>>> print(open('work_10.tsv').read())   # TSV, C-alpha atoms
chain	number	residue	atom	x	y	z
P	24	MET	CA	-30.38	35.51	-27.76
P	25	ALA	CA	-34.14	35.76	-27.27
P	26	THR	CA	-33.65	38.83	-25.07
P	27	LYS	CA	-31.56	40.52	-27.77
P	28	TRP	CA	-34.15	39.74	-30.42
P	29	ALA	CA	-36.98	41.08	-28.23
P	30	SER	CA	-35.00	44.24	-27.49
P	31	ALA	CA	-34.29	44.83	-31.18
P	32	ALA	CA	-37.93	44.17	-32.11
P	33	THR	CA	-39.12	46.63	-29.47
P	34	ARG	CA	-36.67	49.24	-30.72
P	35	ARG	CA	-37.85	48.82	-34.32
P	36	LEU	CA	-41.49	49.04	-33.21
P	37	ARG	CA	-40.84	52.23	-31.28
P	38	GLN	CA	-39.03	53.76	-34.26
P	39	ARG	CA	-41.86	52.82	-36.63
P	40	VAL	CA	-44.59	54.16	-34.33
P	41	ASN	CA	-42.50	57.26	-33.62
P	42	ARG	CA	-42.39	58.05	-37.35
P	43	SER	CA	-46.10	57.32	-37.68
P	44	ILE	CA	-47.09	59.62	-34.82
P	45	ARG	CA	-44.87	62.47	-35.96
P	46	GLY	CA	-45.97	62.02	-39.57
P	47	ALA	CA	-49.65	62.16	-38.62
P	48	ILE	CA	-49.18	65.67	-37.25
P	49	GLY	CA	-46.94	66.83	-40.08
P	50	LEU	CA	-43.57	66.50	-38.32
P	51	THR	CA	-41.82	64.67	-41.12
P	52	LYS	CA	-38.33	66.07	-40.46
P	53	ASP	CA	-36.05	65.28	-37.55
P	54	PRO	CA	-36.10	67.80	-34.70
P	55	PRO	CA	-33.37	70.45	-34.81
P	56	THR	CA	-30.05	69.56	-33.22
P	57	ARG	CA	-29.99	70.47	-29.54
P	58	CYS	CA	-27.38	72.97	-28.46
P	59	ASN	CA	-26.15	71.91	-25.02
P	60	ASP	CA	-23.46	74.56	-24.75
P	61	ALA	CA	-24.66	76.96	-22.04
P	62	ALA	CA	-22.73	79.84	-23.60
P	63	GLU	CA	-24.21	79.31	-27.07
P	64	ALA	CA	-27.79	78.16	-26.33
P	65	TYR	CA	-30.63	80.67	-26.54
P	66	PHE	CA	-32.60	79.11	-23.67
P	67	ALA	CA	-30.96	77.76	-20.54
P	68	VAL	CA	-29.84	74.19	-21.21
P	69	ASN	CA	-31.20	73.11	-17.81
P	70	GLY	CA	-34.24	75.38	-18.00
P	71	VAL	CA	-37.89	74.51	-17.59
P	72	ALA	CA	-38.77	75.51	-21.16
P	73	ARG	CA	-36.71	72.58	-22.43
P	74	ILE	CA	-38.56	70.19	-20.13
P	75	ILE	CA	-41.99	71.39	-21.24
P	76	HIS	CA	-41.32	71.87	-24.95
P	77	ALA	CA	-39.67	68.47	-25.36
P	78	ASP	CA	-42.77	66.57	-24.22
P	79	LEU	CA	-44.93	66.06	-27.30
P	80	PRO	CA	-48.34	65.01	-25.84
P	81	PRO	CA	-48.90	67.99	-23.53
P	82	MET	CA	-47.50	70.31	-26.19
P	83	LEU	CA	-50.13	69.04	-28.63
P	84	ILE	CA	-52.91	69.54	-26.08
P	85	GLY	CA	-51.59	72.90	-24.93
P	86	GLY	CA	-50.96	73.98	-28.52
P	87	LEU	CA	-54.58	73.28	-29.45
P	88	GLY	CA	-55.74	75.21	-26.38
P	89	SER	CA	-53.51	78.10	-27.40
P	90	LEU	CA	-54.91	78.15	-30.94
P	91	PHE	CA	-58.46	78.17	-29.64
P	92	ILE	CA	-58.07	81.04	-27.19
P	93	GLN	CA	-55.96	83.09	-29.62
P	94	MET	CA	-59.08	83.08	-31.83
P	95	LEU	CA	-60.86	85.14	-29.19
P	96	HIS	CA	-59.01	88.35	-29.99
P	97	PRO	CA	-60.82	89.89	-32.98
P	98	HIS	CA	-57.70	91.56	-34.36
P	99	THR	CA	-55.53	88.47	-34.07
P	100	MET	CA	-58.26	86.41	-35.72
P	101	ALA	CA	-58.73	89.00	-38.48
P	102	GLY	CA	-55.05	88.69	-39.33
P	103	VAL	CA	-55.32	84.91	-39.53
P	104	ALA	CA	-58.50	85.04	-41.61
P	105	ASP	CA	-57.12	87.62	-44.06
P	106	HIS	CA	-53.58	86.35	-44.47
P	107	SER	CA	-53.33	82.69	-43.46
P	108	ARG	CA	-54.00	79.61	-45.59
P	109	TYR	CA	-54.56	77.43	-42.53
P	110	ARG	CA	-57.48	75.56	-44.09
P	111	ASP	CA	-55.44	74.66	-47.17
P	112	ASP	CA	-52.37	73.47	-45.28
P	113	PRO	CA	-53.06	73.11	-41.53
P	114	LEU	CA	-50.19	70.71	-40.97
P	115	GLY	CA	-47.84	73.09	-42.75
P	116	ARG	CA	-48.67	75.78	-40.24
P	117	LEU	CA	-48.07	73.29	-37.44
P	118	ARG	CA	-44.65	72.49	-38.90
P	119	GLN	CA	-43.75	76.18	-38.97
P	120	THR	CA	-44.80	76.59	-35.35
P	121	ALA	CA	-42.88	73.45	-34.34
P	122	ASP	CA	-39.77	74.73	-36.13
P	123	PHE	CA	-40.00	78.08	-34.34
P	124	ILE	CA	-40.41	76.43	-30.94
P	125	GLY	CA	-37.63	73.98	-31.73
P	126	PHE	CA	-35.06	76.57	-32.81
P	127	THR	CA	-35.81	78.99	-29.99
P	128	THR	CA	-35.98	76.31	-27.29
P	129	PHE	CA	-33.14	74.02	-28.29
P	130	GLY	CA	-31.07	76.01	-30.77
P	131	THR	CA	-28.15	78.36	-30.55
P	132	LYS	CA	-28.60	82.08	-30.07
P	133	ASP	CA	-27.91	82.60	-33.79
P	134	GLU	CA	-30.52	79.99	-34.80
P	135	ALA	CA	-33.08	81.46	-32.42
P	136	TYR	CA	-32.54	85.05	-33.54
P	137	SER	CA	-32.75	84.00	-37.19
P	138	SER	CA	-36.04	82.23	-36.50
P	139	ILE	CA	-37.39	85.27	-34.65
P	140	GLU	CA	-36.40	87.54	-37.55
P	141	ARG	CA	-38.18	85.26	-40.03
P	142	VAL	CA	-41.39	85.40	-38.01
P	143	LEU	CA	-41.24	89.19	-37.69
P	144	ALA	CA	-40.54	89.52	-41.42
P	145	VAL	CA	-43.60	87.42	-42.29
P	146	HIS	CA	-45.71	89.44	-39.85
P	147	GLN	CA	-44.74	92.71	-41.57
P	148	ALA	CA	-47.29	92.00	-44.30
P	149	VAL	CA	-50.03	90.90	-41.90
P	150	ARG	CA	-52.03	94.07	-41.50
P	151	GLY	CA	-55.49	95.26	-42.37
P	152	THR	CA	-58.83	96.36	-40.95
P	153	ALA	CA	-60.89	94.30	-38.52
P	154	ASP	CA	-64.67	94.06	-38.36
P	155	ASP	CA	-64.81	96.89	-35.80
P	156	GLY	CA	-63.08	99.29	-38.20
P	157	ALA	CA	-59.82	99.27	-36.26
P	158	THR	CA	-56.57	98.54	-38.05
P	159	TYR	CA	-54.47	95.57	-36.99
P	160	PHE	CA	-50.81	94.71	-37.44
P	161	ALA	CA	-49.36	91.32	-36.49
P	162	ASN	CA	-46.17	92.88	-35.10
P	163	ASP	CA	-48.15	95.22	-32.86
P	164	PRO	CA	-46.63	94.62	-29.39
P	165	HIS	CA	-50.12	94.51	-27.91
P	166	LEU	CA	-51.24	91.66	-30.18
P	167	LEU	CA	-47.92	89.89	-29.70
P	168	ALA	CA	-48.57	90.11	-25.97
P	169	TRP	CA	-51.90	88.34	-26.39
P	170	VAL	CA	-50.44	85.54	-28.51
P	171	HIS	CA	-47.54	85.14	-26.09
P	172	ALA	CA	-49.84	84.98	-23.06
P	173	ALA	CA	-52.13	82.45	-24.76
P	174	GLU	CA	-49.26	80.18	-25.77
P	175	THR	CA	-47.36	80.37	-22.50
P	176	SER	CA	-50.43	79.76	-20.35
P	177	MET	CA	-51.67	76.80	-22.40
P	178	PHE	CA	-48.25	75.15	-22.77
P	179	LEU	CA	-47.78	75.42	-19.03
P	180	ALA	CA	-51.30	74.19	-18.23
P	181	GLY	CA	-50.93	71.31	-20.68
P	182	TYR	CA	-47.68	70.17	-19.13
P	183	ARG	CA	-48.86	70.52	-15.53
P	184	ARG	CA	-51.82	68.27	-16.31
P	185	TYR	CA	-50.35	65.80	-18.80
P	186	GLY	CA	-46.57	66.17	-18.62
P	187	GLY	CA	-44.03	63.52	-17.78
P	188	GLN	CA	-42.99	65.01	-14.46
P	189	ARG	CA	-44.51	67.18	-11.77
P	190	LEU	CA	-43.59	70.86	-11.88
P	191	SER	CA	-43.23	72.85	-8.68
P	192	ASP	CA	-44.69	76.34	-8.42
P	193	ALA	CA	-41.14	77.67	-8.56
P	194	GLN	CA	-40.52	75.82	-11.83
P	195	ALA	CA	-43.79	77.15	-13.27
P	196	ASN	CA	-42.69	80.69	-12.44
P	197	GLN	CA	-39.28	79.99	-13.93
P	198	TYR	CA	-40.92	78.83	-17.18
P	199	VAL	CA	-42.91	82.06	-17.49
P	200	CYS	CA	-39.74	84.04	-16.78
P	201	GLU	CA	-37.77	82.12	-19.44
P	202	MET	CA	-40.51	82.71	-22.00
P	203	ALA	CA	-40.47	86.42	-21.20
P	204	GLN	CA	-37.07	86.70	-22.88
P	205	LEU	CA	-38.53	85.32	-26.11
P	206	ALA	CA	-41.43	87.76	-25.84
P	207	ARG	CA	-39.05	90.70	-25.46
P	208	ASP	CA	-37.03	89.61	-28.48
P	209	LEU	CA	-40.25	89.48	-30.49
P	210	GLY	CA	-40.92	93.12	-29.58
P	211	MET	CA	-43.08	92.91	-26.48
P	212	THR	CA	-42.73	95.22	-23.51
P	213	GLY	CA	-43.72	94.32	-19.97
P	214	ALA	CA	-43.76	90.57	-20.59
P	215	PRO	CA	-45.06	88.63	-17.56
P	216	GLU	CA	-42.33	86.97	-15.53
P	217	SER	CA	-44.40	84.88	-13.11
P	218	VAL	CA	-47.57	82.80	-13.20
P	219	ALA	CA	-49.42	85.50	-11.26
P	220	GLU	CA	-48.35	88.15	-13.79
P	221	LEU	CA	-49.31	85.84	-16.66
P	222	ASP	CA	-52.79	85.24	-15.21
P	223	ALA	CA	-53.22	88.98	-14.68
P	224	ALA	CA	-52.13	89.69	-18.27
P	225	ILE	CA	-54.73	87.29	-19.66
P	226	LEU	CA	-57.48	88.78	-17.49
P	227	ALA	CA	-56.51	92.28	-18.65
P	228	PHE	CA	-57.30	91.22	-22.22
P	229	ARG	CA	-60.75	89.90	-21.33
P	230	PRO	CA	-62.70	93.09	-22.22
P	231	GLU	CA	-61.20	92.98	-25.74
P	232	LEU	CA	-62.09	89.36	-26.43
P	233	ARG	CA	-65.01	88.10	-28.50
P	234	LEU	CA	-65.58	85.41	-31.11
P	235	ILE	CA	-66.00	87.00	-34.52
P	236	ALA	CA	-67.54	85.12	-37.46
P	237	GLU	CA	-64.13	84.16	-38.84
P	238	GLY	CA	-63.19	82.90	-35.39
P	239	ALA	CA	-66.19	80.58	-35.32
P	240	VAL	CA	-65.15	79.19	-38.70
P	241	ALA	CA	-61.59	78.61	-37.47
P	242	ARG	CA	-62.83	77.07	-34.21
P	243	ASP	CA	-65.01	74.58	-36.05
P	244	PHE	CA	-62.27	73.75	-38.52
P	245	VAL	CA	-59.71	73.03	-35.79
P	246	ALA	CA	-62.23	71.24	-33.55
P	247	ASN	CA	-63.50	68.93	-36.28
P	248	GLY	CA	-60.01	67.75	-37.06
P	249	VAL	CA	-57.37	67.98	-39.70
P	250	VAL	CA	-56.49	64.29	-39.67
P	251	ARG	CA	-57.83	61.29	-41.55
P	252	GLY	CA	-58.67	57.78	-40.44
P	253	VAL	CA	-60.95	56.49	-37.70
P	254	GLN	CA	-58.18	55.89	-35.15
P	255	GLN	CA	-56.50	59.24	-35.74
P	256	LYS	CA	-59.84	61.05	-35.55
P	257	ALA	CA	-60.63	59.40	-32.20
P	258	ILE	CA	-57.25	60.45	-30.82
P	259	TYR	CA	-57.67	63.95	-32.19
P	260	TRP	CA	-61.13	64.21	-30.60
P	261	LEU	CA	-59.57	63.35	-27.25
P	262	LEU	CA	-56.79	65.92	-27.70
P	263	VAL	CA	-59.30	68.65	-28.55
P	264	ARG	CA	-61.56	67.85	-25.56
P	265	SER	CA	-58.49	67.77	-23.33
P	266	SER	CA	-57.53	71.24	-24.55
P	267	TYR	CA	-61.01	72.53	-23.63
P	268	GLY	CA	-60.37	71.27	-20.12
P	269	LEU	CA	-57.29	73.50	-19.81
P	270	MET	CA	-59.34	76.65	-20.37
P	271	THR	CA	-61.10	78.74	-17.78
P	272	PRO	CA	-64.92	78.65	-17.82
P	273	TRP	CA	-65.08	82.19	-19.20
P	274	GLN	CA	-62.71	81.29	-22.05
P	275	ARG	CA	-64.87	78.29	-23.00
P	276	GLU	CA	-67.98	80.43	-22.81
P	277	LEU	CA	-66.55	83.08	-25.14
P	278	LEU	CA	-65.33	80.37	-27.49
P	279	GLY	CA	-68.71	78.64	-27.45
P	280	VAL	CA	-67.45	75.18	-26.50
P	281	ARG	CA	-68.31	72.73	-23.74
P	282	VAL	CA	-66.22	70.13	-21.98
P	283	GLY	CA	-69.06	67.67	-22.62
P	284	PRO	CA	-71.62	65.77	-20.52
P	285	PRO	CA	-70.42	64.98	-16.96
P	286	LEU	CA	-69.58	61.35	-17.72
P	287	VAL	CA	-67.61	62.22	-20.84
P	288	HIS	CA	-65.92	65.14	-19.09
P	289	HIS	CA	-64.74	62.96	-16.20
P	290	LEU	CA	-63.39	60.32	-18.60
P	291	VAL	CA	-61.46	62.72	-20.86
P	292	ALA	CA	-58.61	63.62	-18.50
P	293	PRO	CA	-57.83	60.01	-17.42
P	294	ALA	CA	-57.99	58.84	-21.05
P	295	ALA	CA	-55.72	61.71	-22.14
P	296	LYS	CA	-53.21	60.80	-19.43
P	297	VAL	CA	-53.11	57.22	-20.70
P	298	LEU	CA	-52.70	58.49	-24.26
P	299	SER	CA	-49.92	60.85	-23.16
P	300	ARG	CA	-48.01	58.04	-21.44
P	301	THR	CA	-48.42	55.83	-24.50
P	302	MET	CA	-47.24	58.53	-26.89
P	303	ARG	CA	-44.35	59.35	-24.57
P	304	PHE	CA	-43.21	55.73	-24.74
P	305	PHE	CA	-42.95	55.91	-28.53
P	306	VAL	CA	-41.87	59.58	-28.80
P	307	PRO	CA	-39.85	60.09	-25.61
P	308	PRO	CA	-38.43	63.47	-24.68
P	309	PRO	CA	-34.65	63.54	-24.98
P	310	PRO	CA	-32.77	63.26	-21.68
P	311	SER	CA	-32.22	66.52	-19.82
P	312	THR	CA	-28.76	68.00	-19.76
P	313	THR	CA	-27.06	67.62	-16.41
>>> encode(input="work_10.tsv", output="structure tokens")
Amino acid sequence: MATKWASAATRRLRQRVNRSIRGAIGLTKDPPTRCNDAAEAYFAVNGVARIIHADLPPMLIGGLGSLFIQMLHPHTMAGVADHSRYRDDPLGRLRQTADFIGFTTFGTKDEAYSSIERVLAVHQAVRGTADDGATYFANDPHLLAWVHAAETSMFLAGYRRYGGQRLSDAQANQYVCEMAQLARDLGMTGAPESVAELDAAILAFRPELRLIAEGAVARDFVANGVVRGVQQKAIYWLLVRSSYGLMTPWQRELLGVRVGPPLVHHLVAPAAKVLSRTMRFFVPPPPSTT
């Protein structure tokens, strides 16, 4: 009897904390239903993308890293500054991103293609002139390639450092290859299909990257937190510093951020691993399809 009571109490606690964690980052709705039919699913039901994207803690850390380095392309950042209301509703933007990842990763082909079409339709209006006088367009395959490379590299780096299981090099390459299909459906050409190609793609963008004034504003806004409460702010600080640690030195230099003093730097990764395990206990990834 006592064992049953303890089990029920633990289950209720996990459910309550699960809702609290998801609510704090704006995920107030249940995740989309997983399609486990190999013929109907957009991504492979036993693929690596489903392993990585189902693990909330490294996705949060990798997602922050992705946001930060996306800011380094002046045309991408100009589009965000001119057309996004991220400062008015930062968690709303997070929800939209989570929905897109959820439908493309775990949904049917129809759900994924509908989600892709919605994103491309929204991007149609995101165009203008950047500070260098060049025009930008959010559906430009070149800019889509930068966003895709930033997201894929940071999601992968976040999982390899803080994920629930160890990925082999072959699995890392498989993840990049799986994500290439999404990139092609978004309008990219020549999407990287291996980690080596992904690293090369990011380096090829380096001459174009710089932090414009609007990028510095966005960096400071994201870095200083979009959450309230002492405990949530402390956790968010750790997530942000962990995301800095995923970046290359040249990315941090361009972004104008530091991993912190040596003592703090060496404590961040172990603390983030503990946080990730704790969050994973309360918000566990669903079991893989076998």
>>> residues_around(input="work_10.tsv", residues="Ser137 in chain P", least_positions_apart="6", cutoff="12 Å", atoms="all atoms listed in the file", output="short mmCIF file (atom, residue, chain, number, x, y, z; two decimals) with C-alpha atoms, keeping the file's coordinate frame")
data_model
loop_
_atom_site.label_atom_id
_atom_site.label_comp_id
_atom_site.auth_asym_id
_atom_site.auth_seq_id
_atom_site.Cartn_x
_atom_site.Cartn_y
_atom_site.Cartn_z
CA TYR P 65 -30.63 80.67 -26.54
CA ASP P 122 -39.77 74.73 -36.13
CA PHE P 123 -40.00 78.08 -34.34
CA PHE P 126 -35.06 76.57 -32.81
CA THR P 127 -35.81 78.99 -29.99
CA GLY P 130 -31.07 76.01 -30.77
CA THR P 131 -28.15 78.36 -30.55
CA LEU P 143 -41.24 89.19 -37.69
CA ALA P 144 -40.54 89.52 -41.42
CA ASP P 208 -37.03 89.61 -28.48
CA LEU P 209 -40.25 89.48 -30.49
#
>>> atom_distance(input="work_10.tsv", atom1="CA of Ala121 in chain P", atom2="CA of Gly210 in chain P")
20.3 Å
>>> atom_distance(input="work_10.tsv", atom1="CA of Tyr159 in chain P", atom2="CA of His98 in chain P")
5.8 Å
>>> closest_atom_pairs(input="work_10.tsv", of="range 186-230 of chain P", to="range 72-96 of chain P", cutoff="9 Å", atoms="all atoms listed in the file", output="JSON lines")
{"residue": "P:Gly186", "atom": "CA", "partner": "P:Pro81", "partner_atom": "CA", "distance": 5.7}
{"residue": "P:Gly187", "atom": "CA", "partner": "P:Asp78", "partner_atom": "CA", "distance": 7.2}
{"residue": "P:Gln188", "atom": "CA", "partner": "P:Ile74", "partner_atom": "CA", "distance": 8.9}
{"residue": "P:Gln197", "atom": "CA", "partner": "P:Ala72", "partner_atom": "CA", "distance": 8.5}
{"residue": "P:Tyr198", "atom": "CA", "partner": "P:Ala72", "partner_atom": "CA", "distance": 5.6}
{"residue": "P:Val199", "atom": "CA", "partner": "P:Ala72", "partner_atom": "CA", "distance": 8.6}
{"residue": "P:Glu201", "atom": "CA", "partner": "P:Ala72", "partner_atom": "CA", "distance": 6.9}
{"residue": "P:Met202", "atom": "CA", "partner": "P:Ala72", "partner_atom": "CA", "distance": 7.5}
{"residue": "P:Phe228", "atom": "CA", "partner": "P:His96", "partner_atom": "CA", "distance": 8.5}
{"residue": "P:Arg229", "atom": "CA", "partner": "P:His96", "partner_atom": "CA", "distance": 9.0}
>>> residues_near_point(input="work_10.tsv", point="(-43.7, 84.1, -42.2)", cutoff="12 Å", atoms="all atoms listed in the file", output="list in words")
Val103, His106, Ser107, Arg108, Gly115, Arg116, Gln119, Thr120, Asp122, Phe123, Ser138, Ile139, Glu140, Arg141, Val142, Leu143, Ala144, Val145, His146, Gln147, Ala148, Val149, Ala161 and Asn162 of chain P
>>> closest_residue(input="work_10.tsv", among="P:Ser191, P:Ser299, P:Thr56, P:Thr128", to="Leu205 in chain P", atoms="all atoms listed in the file")
P:Thr128
>>> closest_residue(input="work_10.tsv", among="P:Gln204, P:Ala101, P:Val263, P:Glu63", to="Asn247 in chain P", atoms="all atoms listed in the file")
P:Val263
>>> atom_distance(input="work_10.tsv", atom1="CA of Gly102 in chain P", atom2="CA of Ala153 in chain P")
8.1 Å
>>> residues_around(input="work_10.tsv", residues="range 220-226 of chain P", least_positions_apart="6", cutoff="8 Å", atoms="all atoms listed in the file", output="VMD selection string")
chain P and resid 169 172 to 173 176 199
>>> residues_near_point(input="work_10.tsv", point="(-64.8, 79.3, -38.2)", cutoff="12 Å", atoms="all atoms listed in the file", output="VMD selection string")
chain P and resid 91 94 to 95 100 to 101 103 to 104 109 to 110 234 to 247 278 to 279
>>> closest_residue(input="work_10.tsv", among="P:Arg150, P:Arg233, P:Arg189, P:Arg275", to="Pro97 in chain P", atoms="all atoms listed in the file")
P:Arg233
>>> axis_aligned_box(input="work_10.tsv", around="range 200-208 of chain P", padding_each_side="8 Å", output="lines of an AutoDock Vina configuration file")
center_x = -39.2
center_y = 86.4
center_z = -22.6
size_x = 20.4
size_y = 24.6
size_z = 27.7
>>> closest_residue(input="work_10.tsv", among="P:Ala206, P:Val218, P:Ala295, P:Leu232", to="Met177 in chain P", atoms="all atoms listed in the file")
P:Val218
>>> residues_around(input="work_10.tsv", residues="Ala64 in chain P", least_positions_apart="2", cutoff="9 Å", atoms="only C-alpha atoms", output="list in words")
Arg57, Cys58, Asn59, Asp60, Ala61, Ala62, Phe66, Ala67, Val68, Thr127, Thr128, Phe129, Gly130, Thr131, Lys132, Asp133 and Ala135 of chain P
>>> decode(input="work_10.tsv", residues="range 197-285 of chain P", atoms="C-alpha atoms", output="PDB file, in the first residue's frame")
ATOM      1  CA  GLN P 197      22.886  10.437 -40.197  1.00  0.00           C
ATOM      2  CA  TYR P 198      21.272  13.344 -38.325  1.00  0.00           C
ATOM      3  CA  VAL P 199      22.780  15.902 -40.709  1.00  0.00           C
ATOM      4  CA  CYS P 200      21.624  13.780 -43.655  1.00  0.00           C
ATOM      5  CA  GLU P 201      18.069  13.539 -42.266  1.00  0.00           C
ATOM      6  CA  MET P 202      17.937  17.298 -41.741  1.00  0.00           C
ATOM      7  CA  ALA P 203      19.085  17.848 -45.325  1.00  0.00           C
ATOM      8  CA  GLN P 204      15.703  16.607 -46.551  1.00  0.00           C
ATOM      9  CA  LEU P 205      13.957  19.314 -44.528  1.00  0.00           C
ATOM     10  CA  ALA P 206      16.358  21.906 -45.923  1.00  0.00           C
ATOM     11  CA  ARG P 207      15.598  20.843 -49.490  1.00  0.00           C
ATOM     12  CA  ASP P 208      11.854  21.031 -48.871  1.00  0.00           C
ATOM     13  CA  LEU P 209      12.339  24.571 -47.563  1.00  0.00           C
ATOM     14  CA  GLY P 210      14.001  25.525 -50.849  1.00  0.00           C
ATOM     15  CA  MET P 211      17.696  24.988 -50.205  1.00  0.00           C
ATOM     16  CA  THR P 212      20.080  23.510 -52.720  1.00  0.00           C
ATOM     17  CA  GLY P 213      23.269  21.661 -51.836  1.00  0.00           C
ATOM     18  CA  ALA P 214      22.251  20.993 -48.228  1.00  0.00           C
ATOM     19  CA  PRO P 215      25.081  19.396 -46.212  1.00  0.00           C
ATOM     20  CA  GLU P 216      24.659  15.669 -45.688  1.00  0.00           C
ATOM     21  CA  SER P 217      27.478  14.960 -43.235  1.00  0.00           C
ATOM     22  CA  VAL P 218      29.099  16.653 -40.250  1.00  0.00           C
ATOM     23  CA  ALA P 219      32.149  17.501 -42.351  1.00  0.00           C
ATOM     24  CA  GLU P 220      29.956  19.149 -45.003  1.00  0.00           C
ATOM     25  CA  LEU P 221      28.025  20.999 -42.290  1.00  0.00           C
ATOM     26  CA  ASP P 222      31.231  22.344 -40.717  1.00  0.00           C
ATOM     27  CA  ALA P 223      32.469  23.407 -44.151  1.00  0.00           C
ATOM     28  CA  ALA P 224      29.163  25.159 -44.890  1.00  0.00           C
ATOM     29  CA  ILE P 225      29.382  27.184 -41.680  1.00  0.00           C
ATOM     30  CA  LEU P 226      32.993  28.169 -42.375  1.00  0.00           C
ATOM     31  CA  ALA P 227      32.025  29.253 -45.898  1.00  0.00           C
ATOM     32  CA  PHE P 228      29.649  31.807 -44.373  1.00  0.00           C
ATOM     33  CA  ARG P 229      32.296  33.281 -42.087  1.00  0.00           C
ATOM     34  CA  PRO P 230      33.332  36.170 -44.404  1.00  0.00           C
ATOM     35  CA  GLU P 231      29.693  37.341 -44.506  1.00  0.00           C
ATOM     36  CA  LEU P 232      29.178  37.352 -40.746  1.00  0.00           C
ATOM     37  CA  ARG P 233      29.255  40.376 -38.458  1.00  0.00           C
ATOM     38  CA  LEU P 234      27.213  41.671 -35.543  1.00  0.00           C
ATOM     39  CA  ILE P 235      25.124  44.634 -36.643  1.00  0.00           C
ATOM     40  CA  ALA P 236      23.575  47.060 -34.141  1.00  0.00           C
ATOM     41  CA  GLU P 237      20.225  45.255 -34.219  1.00  0.00           C
ATOM     42  CA  GLY P 238      22.071  42.003 -33.607  1.00  0.00           C
ATOM     43  CA  ALA P 239      23.665  43.395 -30.459  1.00  0.00           C
ATOM     44  CA  VAL P 240      20.219  44.433 -29.212  1.00  0.00           C
ATOM     45  CA  ALA P 241      18.821  40.951 -29.908  1.00  0.00           C
ATOM     46  CA  ARG P 242      21.859  39.281 -28.307  1.00  0.00           C
ATOM     47  CA  ASP P 243      21.452  41.277 -25.112  1.00  0.00           C
ATOM     48  CA  PHE P 244      17.712  40.685 -25.020  1.00  0.00           C
ATOM     49  CA  VAL P 245      18.074  36.910 -25.377  1.00  0.00           C
ATOM     50  CA  ALA P 246      21.091  36.725 -23.053  1.00  0.00           C
ATOM     51  CA  ASN P 247      19.464  38.697 -20.252  1.00  0.00           C
ATOM     52  CA  GLY P 248      16.495  36.391 -20.196  1.00  0.00           C
ATOM     53  CA  VAL P 249      12.853  36.292 -21.059  1.00  0.00           C
ATOM     54  CA  VAL P 250      11.761  34.561 -17.855  1.00  0.00           C
ATOM     55  CA  ARG P 251      10.718  35.842 -14.448  1.00  0.00           C
ATOM     56  CA  GLY P 252      11.556  34.692 -10.949  1.00  0.00           C
ATOM     57  CA  VAL P 253      14.891  34.160  -9.217  1.00  0.00           C
ATOM     58  CA  GLN P 254      14.991  30.385  -9.738  1.00  0.00           C
ATOM     59  CA  GLN P 255      13.991  30.567 -13.393  1.00  0.00           C
ATOM     60  CA  LYS P 256      16.514  33.332 -14.047  1.00  0.00           C
ATOM     61  CA  ALA P 257      19.309  31.247 -12.490  1.00  0.00           C
ATOM     62  CA  ILE P 258      18.389  28.278 -14.673  1.00  0.00           C
ATOM     63  CA  TYR P 259      18.151  30.483 -17.742  1.00  0.00           C
ATOM     64  CA  TRP P 260      21.573  31.983 -16.999  1.00  0.00           C
ATOM     65  CA  LEU P 261      23.011  28.469 -16.948  1.00  0.00           C
ATOM     66  CA  LEU P 262      21.307  27.552 -20.225  1.00  0.00           C
ATOM     67  CA  VAL P 263      22.664  30.670 -21.932  1.00  0.00           C
ATOM     68  CA  ARG P 264      26.237  30.106 -20.680  1.00  0.00           C
ATOM     69  CA  SER P 265      25.993  26.478 -21.765  1.00  0.00           C
ATOM     70  CA  SER P 266      24.981  27.607 -25.251  1.00  0.00           C
ATOM     71  CA  TYR P 267      28.075  29.850 -25.430  1.00  0.00           C
ATOM     72  CA  GLY P 268      30.149  26.766 -24.714  1.00  0.00           C
ATOM     73  CA  LEU P 269      28.782  25.049 -27.839  1.00  0.00           C
ATOM     74  CA  MET P 270      30.126  27.781 -30.110  1.00  0.00           C
ATOM     75  CA  THR P 271      33.527  27.966 -31.719  1.00  0.00           C
ATOM     76  CA  PRO P 272      35.885  30.671 -30.401  1.00  0.00           C
ATOM     77  CA  TRP P 273      35.480  32.713 -33.585  1.00  0.00           C
ATOM     78  CA  GLN P 274      31.675  32.609 -33.275  1.00  0.00           C
ATOM     79  CA  ARG P 275      31.858  33.861 -29.680  1.00  0.00           C
ATOM     80  CA  GLU P 276      34.288  36.568 -30.710  1.00  0.00           C
ATOM     81  CA  LEU P 277      32.014  37.828 -33.486  1.00  0.00           C
ATOM     82  CA  LEU P 278      29.045  37.688 -31.146  1.00  0.00           C
ATOM     83  CA  GLY P 279      30.946  39.550 -28.427  1.00  0.00           C
ATOM     84  CA  VAL P 280      30.345  37.025 -25.640  1.00  0.00           C
ATOM     85  CA  ARG P 281      32.622  35.140 -23.268  1.00  0.00           C
ATOM     86  CA  VAL P 282      32.245  31.767 -21.614  1.00  0.00           C
ATOM     87  CA  GLY P 283      33.179  33.468 -18.335  1.00  0.00           C
ATOM     88  CA  PRO P 284      36.107  33.364 -15.881  1.00  0.00           C
ATOM     89  CA  PRO P 285      37.937  29.992 -15.795  1.00  0.00           C
TER      90      PRO P 285
END
